[in-house]
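So this one's query.pdb, PDB, C-alpha atoms:
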```pdb
ATOM      1  CA  MET W 192      33.925  18.540  -8.079
ATOM      2  CA  VAL W 193      31.340  21.192  -7.181
ATOM      3  CA  THR W 194      31.142  22.706  -3.712
ATOM      4  CA  THR W 195      28.112  24.089  -1.927
ATOM      5  CA  GLY W 196      27.907  27.362  -0.031
ATOM      6  CA  ASP W 197      29.122  25.682   3.156
ATOM      7  CA  SER W 198      32.171  24.354   1.276
ATOM      8  CA  GLN W 199      31.006  20.744   1.497
ATOM      9  CA  PRO W 200      31.809  18.731  -1.644
ATOM     10  CA  THR W 201      28.839  17.442  -3.609
ATOM     11  CA  LYS W 202      28.556  14.534  -5.981
ATOM     12  CA  HIS W 203      28.594  15.344  -9.669
ATOM     13  CA  GLN W 204      25.235  15.339 -11.417
ATOM     14  CA  GLU W 205      25.720  12.259 -13.602
ATOM     15  CA  VAL W 206      22.256  10.921 -14.374
ATOM     16  CA  GLY W 207      21.522   7.955 -12.157
ATOM     17  CA  HIS W 208      24.698   8.693 -10.201
ATOM     18  CA  LYS W 209      24.448   6.795  -6.958
ATOM     19  CA  SER W 210      28.037   5.627  -6.680
ATOM     20  CA  LEU W 211      29.370   5.013  -3.210
ATOM     21  CA  LEU W 212      32.934   5.613  -4.341
ATOM     22  CA  GLN W 213      34.576   8.367  -2.344
ATOM     23  CA  SER W 214      36.203   9.777  -5.464
ATOM     24  CA  ASP W 215      33.993  11.284  -8.142
ATOM     25  CA  ALA W 216      37.010  11.365 -10.432
ATOM     26  CA  LEU W 217      37.440   7.605 -10.066
ATOM     27  CA  TYR W 218      33.758   7.017 -10.826
ATOM     28  CA  GLN W 219      34.023   9.219 -13.891
ATOM     29  CA  TYR W 220      37.082   7.236 -14.952
ATOM     30  CA  ILE W 221      35.065   4.005 -14.752
ATOM     31  CA  LEU W 222      32.282   5.520 -16.838
ATOM     32  CA  GLU W 223      34.520   7.000 -19.503
ATOM     33  CA  THR W 224      36.915   4.055 -19.743
ATOM     34  CA  SER W 225      34.751   0.957 -19.290
ATOM     35  CA  VAL W 226      31.084   1.915 -19.483
ATOM     36  CA  TYR W 227      30.352   4.616 -22.066
ATOM     37  CA  PRO W 228      32.584   3.172 -24.829
ATOM     38  CA  ARG W 229      30.661  -0.129 -24.571
ATOM     39  CA  GLU W 230      27.198   1.333 -23.943
ATOM     40  CA  PRO W 231      24.816   0.293 -26.756
ATOM     41  CA  GLN W 232      23.541   3.273 -28.728
ATOM     42  CA  PRO W 233      19.882   2.766 -27.691
ATOM     43  CA  MET W 234      20.881   2.814 -24.023
ATOM     44  CA  LYS W 235      22.891   5.985 -24.576
ATOM     45  CA  GLU W 236      19.875   7.591 -26.226
ATOM     46  CA  LEU W 237      17.572   6.564 -23.395
ATOM     47  CA  ARG W 238      20.031   7.789 -20.769
ATOM     48  CA  GLU W 239      20.194  11.175 -22.470
ATOM     49  CA  VAL W 240      16.400  11.405 -22.780
ATOM     50  CA  THR W 241      15.984  10.448 -19.134
ATOM     51  CA  ALA W 242      18.454  13.162 -18.134
ATOM     52  CA  LYS W 243      15.830  15.730 -19.124
ATOM     53  CA  HIS W 244      13.212  14.262 -16.788
ATOM     54  CA  PRO W 245      12.781  15.968 -13.383
ATOM     55  CA  TRP W 246      13.071  12.632 -11.571
ATOM     56  CA  ASN W 247      16.158  11.481 -13.455
ATOM     57  CA  LEU W 248      17.933  10.295 -10.312
ATOM     58  CA  MET W 249      15.441   7.415 -10.211
ATOM     59  CA  THR W 250      17.096   5.817 -13.213
ATOM     60  CA  THR W 251      19.561   2.952 -13.030
ATOM     61  CA  SER W 252      23.124   4.215 -13.351
ATOM     62  CA  ALA W 253      25.048   3.398 -16.525
ATOM     63  CA  ASP W 254      27.579   1.196 -14.730
ATOM     64  CA  GLU W 255      24.806  -0.822 -13.096
ATOM     65  CA  GLY W 256      23.047  -1.158 -16.446
ATOM     66  CA  GLN W 257      26.255  -2.610 -17.876
ATOM     67  CA  PHE W 258      26.543  -4.977 -14.903
ATOM     68  CA  LEU W 259      22.977  -6.255 -15.301
ATOM     69  CA  ASN W 260      23.441  -6.795 -19.034
ATOM     70  CA  LEU W 261      26.537  -8.930 -18.486
ATOM     71  CA  LEU W 262      25.010 -10.807 -15.532
ATOM     72  CA  LEU W 263      21.982 -11.853 -17.571
ATOM     73  CA  LYS W 264      24.224 -13.205 -20.307
ATOM     74  CA  LEU W 265      26.360 -15.091 -17.783
ATOM     75  CA  ILE W 266      23.352 -16.872 -16.285
ATOM     76  CA  ASN W 267      21.709 -17.427 -19.701
ATOM     77  CA  ALA W 268      18.505 -15.763 -18.545
ATOM     78  CA  LYS W 269      15.481 -16.075 -20.791
ATOM     79  CA  ASN W 270      12.383 -15.415 -18.672
ATOM     80  CA  THR W 271      12.705 -12.386 -16.387
ATOM     81  CA  MET W 272      10.708  -9.901 -14.349
ATOM     82  CA  GLU W 273      11.331  -6.272 -13.458
ATOM     83  CA  ILE W 274       9.474  -4.474 -10.672
ATOM     84  CA  GLY W 275       9.937  -0.729 -11.044
ATOM     85  CA  VAL W 276      10.565   0.406 -14.617
ATOM     86  CA  TYR W 277      10.638   4.234 -14.685
ATOM     87  CA  THR W 278      11.758   5.216 -18.223
ATOM     88  CA  GLY W 279      13.155   1.753 -18.910
ATOM     89  CA  TYR W 280      16.965   2.036 -18.836
ATOM     90  CA  SER W 281      17.502  -1.182 -16.863
ATOM     91  CA  LEU W 282      14.628  -2.750 -18.797
ATOM     92  CA  LEU W 283      16.352  -1.972 -22.087
ATOM     93  CA  SER W 284      19.622  -3.326 -20.720
ATOM     94  CA  THR W 285      17.816  -6.562 -19.889
ATOM     95  CA  ALA W 286      15.981  -6.755 -23.207
ATOM     96  CA  LEU W 287      19.227  -6.346 -25.151
ATOM     97  CA  ALA W 288      20.835  -9.140 -23.140
ATOM     98  CA  LEU W 289      18.051 -11.681 -23.599
ATOM     99  CA  PRO W 290      17.810 -14.013 -26.607
ATOM    100  CA  GLU W 291      15.327 -13.178 -29.365
ATOM    101  CA  ASP W 292      12.605 -15.256 -27.703
ATOM    102  CA  GLY W 293      13.344 -13.938 -24.217
ATOM    103  CA  LYS W 294      10.583 -12.357 -22.135
ATOM    104  CA  ILE W 295      10.357  -9.656 -19.471
ATOM    105  CA  LEU W 296       7.312  -9.088 -17.293
ATOM    106  CA  ALA W 297       7.665  -5.373 -16.472
ATOM    107  CA  LEU W 298       5.612  -3.922 -13.616
ATOM    108  CA  ASP W 299       5.239  -0.253 -12.734
ATOM    109  CA  ILE W 300       2.541   2.047 -11.379
ATOM    110  CA  ASN W 301       3.300   4.710 -14.000
ATOM    111  CA  ARG W 302       2.963   3.945 -17.691
ATOM    112  CA  GLU W 303       3.608   7.572 -18.632
ATOM    113  CA  ASN W 304       7.256   7.322 -17.559
ATOM    114  CA  TYR W 305       7.674   4.016 -19.391
ATOM    115  CA  GLU W 306       6.362   5.597 -22.580
ATOM    116  CA  ILE W 307       9.201   8.135 -22.478
ATOM    117  CA  GLY W 308      11.613   5.337 -23.276
ATOM    118  CA  LEU W 309       9.284   3.137 -25.318
ATOM    119  CA  PRO W 310      10.082   4.698 -28.731
ATOM    120  CA  ILE W 311      13.783   3.989 -28.154
ATOM    121  CA  ILE W 312      13.024   0.454 -26.989
ATOM    122  CA  GLU W 313      10.936  -0.096 -30.121
ATOM    123  CA  LYS W 314      13.660   1.332 -32.354
ATOM    124  CA  ALA W 315      16.138  -1.058 -30.719
ATOM    125  CA  GLY W 316      13.954  -3.948 -31.891
ATOM    126  CA  VAL W 317      13.337  -5.461 -28.447
ATOM    127  CA  ALA W 318       9.841  -4.228 -27.546
ATOM    128  CA  HIS W 319       8.379  -7.644 -28.394
ATOM    129  CA  LYS W 320      10.243  -9.113 -25.427
ATOM    130  CA  ILE W 321       8.451  -6.838 -22.944
ATOM    131  CA  ASP W 322       5.056  -7.408 -21.315
ATOM    132  CA  PHE W 323       4.386  -4.128 -19.482
ATOM    133  CA  ARG W 324       1.699  -4.084 -16.787
ATOM    134  CA  GLU W 325       0.618  -0.839 -15.159
ATOM    135  CA  GLY W 326      -0.393  -0.938 -11.504
ATOM    136  CA  PRO W 327       0.850  -2.120  -8.103
ATOM    137  CA  ALA W 328       2.893  -5.294  -8.282
ATOM    138  CA  LEU W 329       1.742  -7.107  -5.152
ATOM    139  CA  PRO W 330      -1.791  -8.062  -6.337
ATOM    140  CA  LEU W 331      -0.396  -9.542  -9.550
ATOM    141  CA  LEU W 332       2.354 -11.358  -7.661
ATOM    142  CA  ASP W 333      -0.266 -12.842  -5.323
ATOM    143  CA  GLN W 334      -2.174 -14.160  -8.326
ATOM    144  CA  MET W 335       0.970 -15.691  -9.741
ATOM    145  CA  VAL W 336       1.922 -17.323  -6.445
ATOM    146  CA  GLU W 337      -1.523 -18.948  -6.324
ATOM    147  CA  ASP W 338      -0.971 -20.462  -9.770
ATOM    148  CA  VAL W 339       1.615 -23.245  -9.559
ATOM    149  CA  LYS W 340       2.531 -22.871 -13.227
ATOM    150  CA  PHE W 341       4.426 -19.695 -12.326
ATOM    151  CA  HIS W 342       6.400 -21.308  -9.501
ATOM    152  CA  GLY W 343      10.089 -21.469 -10.392
ATOM    153  CA  SER W 344       9.413 -19.981 -13.825
ATOM    154  CA  PHE W 345      11.715 -16.940 -13.724
ATOM    155  CA  ASP W 346      15.459 -17.004 -14.333
ATOM    156  CA  PHE W 347      16.053 -13.460 -13.084
ATOM    157  CA  ILE W 348      14.010 -10.817 -11.259
ATOM    158  CA  PHE W 349      15.147  -7.213 -10.731
ATOM    159  CA  VAL W 350      13.480  -5.081  -8.047
ATOM    160  CA  ASP W 351      13.909  -1.313  -8.063
ATOM    161  CA  ALA W 352      10.658  -0.004  -6.644
ATOM    162  CA  ASP W 353       9.060   0.993  -3.321
ATOM    163  CA  LYS W 354      11.576   0.080  -0.630
ATOM    164  CA  ASP W 355       8.883  -0.307   2.044
ATOM    165  CA  ASN W 356       7.573  -3.313   0.119
ATOM    166  CA  TYR W 357      10.870  -5.050  -0.622
ATOM    167  CA  LEU W 358      10.298  -7.716   2.016
ATOM    168  CA  ASN W 359       6.742  -8.220   0.796
ATOM    169  CA  TYR W 360       8.125  -8.719  -2.697
ATOM    170  CA  HIS W 361      10.738 -11.176  -1.455
ATOM    171  CA  LYS W 362       8.123 -13.339   0.278
ATOM    172  CA  ARG W 363       6.421 -13.816  -3.083
ATOM    173  CA  LEU W 364       9.333 -13.756  -5.517
ATOM    174  CA  ILE W 365      11.152 -16.571  -3.748
ATOM    175  CA  ASP W 366       8.437 -18.919  -5.066
ATOM    176  CA  LEU W 367       8.494 -17.479  -8.583
ATOM    177  CA  VAL W 368      12.249 -17.583  -9.254
ATOM    178  CA  LYS W 369      13.669 -20.968 -10.182
ATOM    179  CA  ILE W 370      16.212 -22.924  -8.160
ATOM    180  CA  GLY W 371      19.515 -21.456  -9.328
ATOM    181  CA  GLY W 372      17.784 -18.282 -10.488
ATOM    182  CA  VAL W 373      18.670 -14.817  -9.229
ATOM    183  CA  ILE W 374      16.742 -11.952  -7.644
ATOM    184  CA  GLY W 375      18.469  -8.565  -7.654
ATOM    185  CA  TYR W 376      17.396  -5.931  -5.118
ATOM    186  CA  ASP W 377      18.540  -2.426  -5.980
ATOM    187  CA  ASN W 378      19.466   0.411  -3.573
ATOM    188  CA  THR W 379      20.408  -1.892  -0.700
ATOM    189  CA  LEU W 380      23.108   0.477   0.549
ATOM    190  CA  TRP W 381      20.659   3.389   0.349
ATOM    191  CA  ASN W 382      22.815   6.443  -0.203
ATOM    192  CA  GLY W 383      25.301   5.157   2.367
ATOM    193  CA  SER W 384      22.789   6.082   5.065
ATOM    194  CA  LEU W 385      22.677   2.621   6.643
ATOM    195  CA  VAL W 386      25.690   3.374   8.832
ATOM    196  CA  ALA W 387      24.854   7.027   9.469
ATOM    197  CA  PRO W 388      24.504   8.123  13.126
ATOM    198  CA  PRO W 389      20.941   8.716  14.393
ATOM    199  CA  ASP W 390      21.346  12.496  14.279
ATOM    200  CA  ALA W 391      22.818  12.586  10.751
ATOM    201  CA  PRO W 392      21.201  15.214   8.475
ATOM    202  CA  LEU W 393      19.444  12.931   5.987
ATOM    203  CA  ARG W 394      16.914  13.859   3.357
ATOM    204  CA  LYS W 395      13.366  13.051   4.453
ATOM    205  CA  TYR W 396      12.827  10.267   1.911
ATOM    206  CA  VAL W 397      16.241   8.748   2.694
ATOM    207  CA  ARG W 398      15.452   8.644   6.411
ATOM    208  CA  TYR W 399      11.958   7.259   5.801
ATOM    209  CA  TYR W 400      13.063   4.286   3.696
ATOM    210  CA  ARG W 401      16.305   3.633   5.582
ATOM    211  CA  ASP W 402      14.716   1.335   8.172
ATOM    212  CA  PHE W 403      12.975  -0.707   5.473
ATOM    213  CA  VAL W 404      16.284  -1.265   3.674
ATOM    214  CA  LEU W 405      17.973  -2.227   6.948
ATOM    215  CA  GLU W 406      15.167  -4.708   7.626
ATOM    216  CA  LEU W 407      15.528  -6.220   4.158
ATOM    217  CA  ASN W 408      19.290  -6.610   4.464
ATOM    218  CA  LYS W 409      18.935  -8.277   7.849
ATOM    219  CA  ALA W 410      16.327 -10.702   6.507
ATOM    220  CA  LEU W 411      18.298 -11.617   3.379
ATOM    221  CA  ALA W 412      21.444 -12.241   5.422
ATOM    222  CA  VAL W 413      19.752 -15.084   7.332
ATOM    223  CA  ASP W 414      17.423 -16.471   4.639
ATOM    224  CA  PRO W 415      18.537 -20.109   4.173
ATOM    225  CA  ARG W 416      16.788 -20.327   0.791
ATOM    226  CA  VAL W 417      19.274 -18.017  -0.935
ATOM    227  CA  GLU W 418      22.968 -17.345  -1.358
ATOM    228  CA  ILE W 419      23.612 -13.622  -1.349
ATOM    229  CA  CYS W 420      26.201 -11.118  -2.492
ATOM    230  CA  GLN W 421      25.847  -7.412  -1.744
ATOM    231  CA  LEU W 422      27.775  -5.249  -4.182
ATOM    232  CA  PRO W 423      28.610  -1.515  -3.990
ATOM    233  CA  VAL W 424      27.533  -0.974  -7.600
ATOM    234  CA  GLY W 425      25.351   2.087  -8.057
ATOM    235  CA  ASP W 426      23.525   2.568  -4.756
ATOM    236  CA  GLY W 427      24.149  -1.024  -3.774
ATOM    237  CA  ILE W 428      22.636  -4.154  -5.294
ATOM    238  CA  THR W 429      22.088  -7.440  -3.481
ATOM    239  CA  LEU W 430      21.986 -10.581  -5.594
ATOM    240  CA  CYS W 431      20.086 -13.543  -4.178
ATOM    241  CA  ARG W 432      20.566 -16.919  -5.830
ATOM    242  CA  ARG W 433      17.815 -19.302  -4.842
ATOM    243  CA  ILE W 434      19.171 -22.609  -3.579
ATOM    244  CA  SER W 435      16.046 -24.216  -2.077
TER     245      SER W 435
END
```

Representation of the structure as structure tokens:
Amino acid sequence: MVTTGDSQPTKHQEVGHKSLLQSDALYQYILETSVYPREPQPMKELREVTAKHPWNLMTTSADEGQFLNLLLKLINAKNTMEIGVYTGYSLLSTALALPEDGKILALDINRENYEIGLPIIEKAGVAHKIDFREGPALPLLDQMVEDVKFHGSFDFIFVDADKDNYLNYHKRLIDLVKIGGVIGYDNTLWNGSLVAPPDAPLRKYVRYYRDFVLELNKALAVDPRVEICQLPVGDGITLCRRIS
């Protein structure tokens, strides 16, 4: 473990490392014992390419990628959506899990980042499953909500995008996911800041989005249309299974 000048321990620099485990050594054990040995080669390649990007902490962690891949197989997902793509690590995890005729509607405001991972996705033979759309997600979601053919059409939706719009996404996605389908909201424990005291020294972006994440968690906890499970995987992921 590395220490800073004020002798405070810092988390190791694993790409996408957002683990809430108190022990870095234990997290590394999980990665080296259960995650990396089973990580598909294309995902390993994309993780290593993403590590060179200046915003690499935006990527989904390897353990969460493994979790999503297994979850999609368990629920037999076929038609999915991803809001927030970055270089495509979680997208590739999803694409590898889906059957050959599976589909992913992938939404992101930045195609340039997506194209970093696209050659690896193509080499993995799963690019045909992905329909990438560049631009803000809400206008497209509004169009889909207005068209009844999209209602209940998605088996799984993964959201890892602008936290200040999570509730706006939920209001629309609840109509688009099928009964029994799952929506996964990433970063719902938000760097552990949700229980930090008001005067805690938080990074500016962490403090800014903290209230939006708290608002989302409060809303999901009382939403009668979903069953929820909040897991301390990565930076926290909340699974919402639509029941009505």

Practice item. For His361 (chain W), list every protein, DNA or RNA residue within 10 Å, evaluated using all atoms listed in the file, and leave out those in the same chain fewer than 2 positions away; present the list as an MDAnalysis selection string. Key: chainID W and resid 350 356:359 363:367 374 376 407 410:411

Review point. With distances taken over all atoms listed in the file, which of W:Leu296, W:Val317, W:Val417, W:Ala352 is nearest to Gly372 (chain W)?
Key: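 Checking each of W:Leu296, W:Val317, W:Val417, W:Ala352 against Gly372 (chain W), counting all atoms listed in the file, the winner is W:Val417.
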
Review point. Expanded to explicit residues, what is the PyMOL selection byres ((chain W and resi 418) around 9) for this file, as a ChimeraX atom specification?
Key: /W:411-412,414-417,419-420,430-434

Write out, as a Markdown table, each residue of region 275-324 of chain W that has an atom at most 7 Å from region 221-237 of chain W, together with the closest pair of atoms and their distance in Å to one decimal, counting all atoms listed in the file, rows going by chain and rising number.
```
| residue | atom | partner | partner_atom | distance |
| --- | --- | --- | --- | --- |
| W:Tyr280 | CA | W:Leu237 | CA | 6.5 |
| W:Leu283 | CA | W:Met234 | CA | 6.9 |
| W:Gly308 | CA | W:Leu237 | CA | 6.1 |
| W:Ile311 | CA | W:Pro233 | CA | 6.2 |
| W:Ala315 | CA | W:Pro233 | CA | 6.1 |
```

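Our summary of the geometry notes that CA of Leu282 (chain W) is positioned 17.2 Å from CA of His244 (chain W).
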
Region 397-399 of chain W surroundings by only C-alpha atoms, 12 Å radius, close-in-sequence under 4 positions cut, as a PDB file with C-alpha atoms, in the coordinates of the input:
```
ATOM      1  CA  ASP W 353       9.060   0.993  -3.321  1.00  0.00           C
ATOM      2  CA  LYS W 354      11.576   0.080  -0.630  1.00  0.00           C
ATOM      3  CA  ASP W 355       8.883  -0.307   2.044  1.00  0.00           C
ATOM      4  CA  ASN W 378      19.466   0.411  -3.573  1.00  0.00           C
ATOM      5  CA  THR W 379      20.408  -1.892  -0.700  1.00  0.00           C
ATOM      6  CA  LEU W 380      23.108   0.477   0.549  1.00  0.00           C
ATOM      7  CA  TRP W 381      20.659   3.389   0.349  1.00  0.00           C
ATOM      8  CA  ASN W 382      22.815   6.443  -0.203  1.00  0.00           C
ATOM      9  CA  GLY W 383      25.301   5.157   2.367  1.00  0.00           C
ATOM     10  CA  SER W 384      22.789   6.082   5.065  1.00  0.00           C
ATOM     11  CA  LEU W 385      22.677   2.621   6.643  1.00  0.00           C
ATOM     12  CA  VAL W 386      25.690   3.374   8.832  1.00  0.00           C
ATOM     13  CA  ALA W 387      24.854   7.027   9.469  1.00  0.00           C
ATOM     14  CA  PRO W 388      24.504   8.123  13.126  1.00  0.00           C
ATOM     15  CA  PRO W 389      20.941   8.716  14.393  1.00  0.00           C
ATOM     16  CA  ASP W 390      21.346  12.496  14.279  1.00  0.00           C
ATOM     17  CA  ALA W 391      22.818  12.586  10.751  1.00  0.00           C
ATOM     18  CA  PRO W 392      21.201  15.214   8.475  1.00  0.00           C
ATOM     19  CA  LEU W 393      19.444  12.931   5.987  1.00  0.00           C
ATOM     20  CA  PHE W 403      12.975  -0.707   5.473  1.00  0.00           C
ATOM     21  CA  VAL W 404      16.284  -1.265   3.674  1.00  0.00           C
ATOM     22  CA  LEU W 405      17.973  -2.227   6.948  1.00  0.00           C
TER      23      LEU W 405
END
```

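For the set W:Asp402, W:Ser435, W:Ile266, W:Pro423, the residue with the smallest atom-to-atom gap to Gly343 (chain W) is W:Ser435, counting all atoms listed in the file.
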
Exercise for review: Determine, counting only C-alpha atoms, which protein, DNA and RNA residues have an atom within 8 Å of an atom of Thr285 (chain W); residues of the same chain fewer than 6 positions away are not included. Present the result as a ChimeraX atom specification.
Suggested key: /W:259-260,263

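Restricting the calculation to only C-alpha atoms, the smallest distance between Leu332 (chain W) and any of W:Tyr360, W:Phe347, W:Glu273, W:Pro310 is found for W:Tyr360.
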
**Study point:** Using all atoms listed in the file: which of W:Val336, W:Ile307, W:Leu262, W:Leu287 has the shortest distance to Glu239 (chain W)
**Key:** W:Ile307

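Nearest residue to Asn270 (chain W) among W:Arg302, W:Lys369, W:Lys362, W:Lys395 is W:Lys369, counting only C-alpha atoms.
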
**Study point:** Ground truth for the PyMOL selection byres ((chain W and resi 304) around 9), written as a PyMOL selection string
**Key:** chain W and resi 276-279+301-303+305-308

Review point. Pick the closest to Lys340 (chain W) from W:Ser252, W:Ala286, W:Met272, W:Val368: which is it, counting all atoms listed in the file?
Key: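 Looking at the shortest contact to Lys340 (chain W), the residue is W:Val368.
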
**Study point:** CA of Thr271 (chain W) to CA of Phe345 (chain W), straight-line distance in Å
**Key:** 5.4 Å

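We find CA of Asp426 (chain W) and CA of Gln213 (chain W) to be spaced 12.7 Å apart.
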
Take region 261-276 of chain W, model N, CA and C atoms, and hand the result over as an mmCIF file, in the coordinates of the input.
```
data_model
loop_
_atom_site.group_PDB
_atom_site.id
_atom_site.type_symbol
_atom_site.label_atom_id
_atom_site.label_comp_id
_atom_site.auth_asym_id
_atom_site.auth_seq_id
_atom_site.Cartn_x
_atom_site.Cartn_y
_atom_site.Cartn_z
ATOM 1 N N LEU W 261 25.557 -7.843 -18.486
ATOM 2 C CA LEU W 261 26.537 -8.930 -18.486
ATOM 3 C C LEU W 261 26.069 -10.085 -17.604
ATOM 4 N N LEU W 262 25.485 -9.765 -16.441
ATOM 5 C CA LEU W 262 25.010 -10.807 -15.532
ATOM 6 C C LEU W 262 23.965 -11.690 -16.210
ATOM 7 N N LEU W 263 23.035 -11.089 -16.912
ATOM 8 C CA LEU W 263 21.982 -11.853 -17.571
ATOM 9 C C LEU W 263 22.551 -12.788 -18.635
ATOM 10 N N LYS W 264 23.578 -12.342 -19.319
ATOM 11 C CA LYS W 264 24.224 -13.205 -20.307
ATOM 12 C C LYS W 264 24.977 -14.348 -19.623
ATOM 13 N N LEU W 265 25.598 -14.066 -18.495
ATOM 14 C CA LEU W 265 26.360 -15.091 -17.783
ATOM 15 C C LEU W 265 25.469 -16.212 -17.262
ATOM 16 N N ILE W 266 24.246 -15.848 -16.834
ATOM 17 C CA ILE W 266 23.352 -16.872 -16.285
ATOM 18 C C ILE W 266 22.385 -17.418 -17.340
ATOM 19 N N ASN W 267 22.558 -16.964 -18.595
ATOM 20 C CA ASN W 267 21.709 -17.427 -19.701
ATOM 21 C C ASN W 267 20.221 -17.222 -19.407
ATOM 22 N N ALA W 268 19.895 -16.059 -18.888
ATOM 23 C CA ALA W 268 18.505 -15.763 -18.545
ATOM 24 C C ALA W 268 17.646 -15.677 -19.797
ATOM 25 N N LYS W 269 16.418 -16.112 -19.663
ATOM 26 C CA LYS W 269 15.481 -16.075 -20.791
ATOM 27 C C LYS W 269 14.124 -15.504 -20.365
ATOM 28 N N ASN W 270 13.668 -15.894 -19.183
ATOM 29 C CA ASN W 270 12.383 -15.415 -18.672
ATOM 30 C C ASN W 270 12.634 -14.582 -17.422
ATOM 31 N N THR W 271 12.344 -13.283 -17.482
ATOM 32 C CA THR W 271 12.705 -12.386 -16.387
ATOM 33 C C THR W 271 11.523 -11.505 -15.981
ATOM 34 N N MET W 272 11.710 -10.838 -14.847
ATOM 35 C CA MET W 272 10.708 -9.901 -14.349
ATOM 36 C C MET W 272 11.418 -8.668 -13.831
ATOM 37 N N GLU W 273 10.790 -7.508 -14.009
ATOM 38 C CA GLU W 273 11.331 -6.272 -13.458
ATOM 39 C C GLU W 273 10.216 -5.526 -12.740
ATOM 40 N N ILE W 274 10.441 -5.223 -11.470
ATOM 41 C CA ILE W 274 9.474 -4.474 -10.672
ATOM 42 C C ILE W 274 10.050 -3.079 -10.450
ATOM 43 N N GLY W 275 9.416 -2.087 -11.053
ATOM 44 C CA GLY W 275 9.937 -0.729 -11.044
ATOM 45 C C GLY W 275 10.664 -0.468 -12.350
ATOM 46 N N VAL W 276 10.041 0.263 -13.259
ATOM 47 C CA VAL W 276 10.565 0.406 -14.617
ATOM 48 C C VAL W 276 11.082 1.814 -14.900
#
```
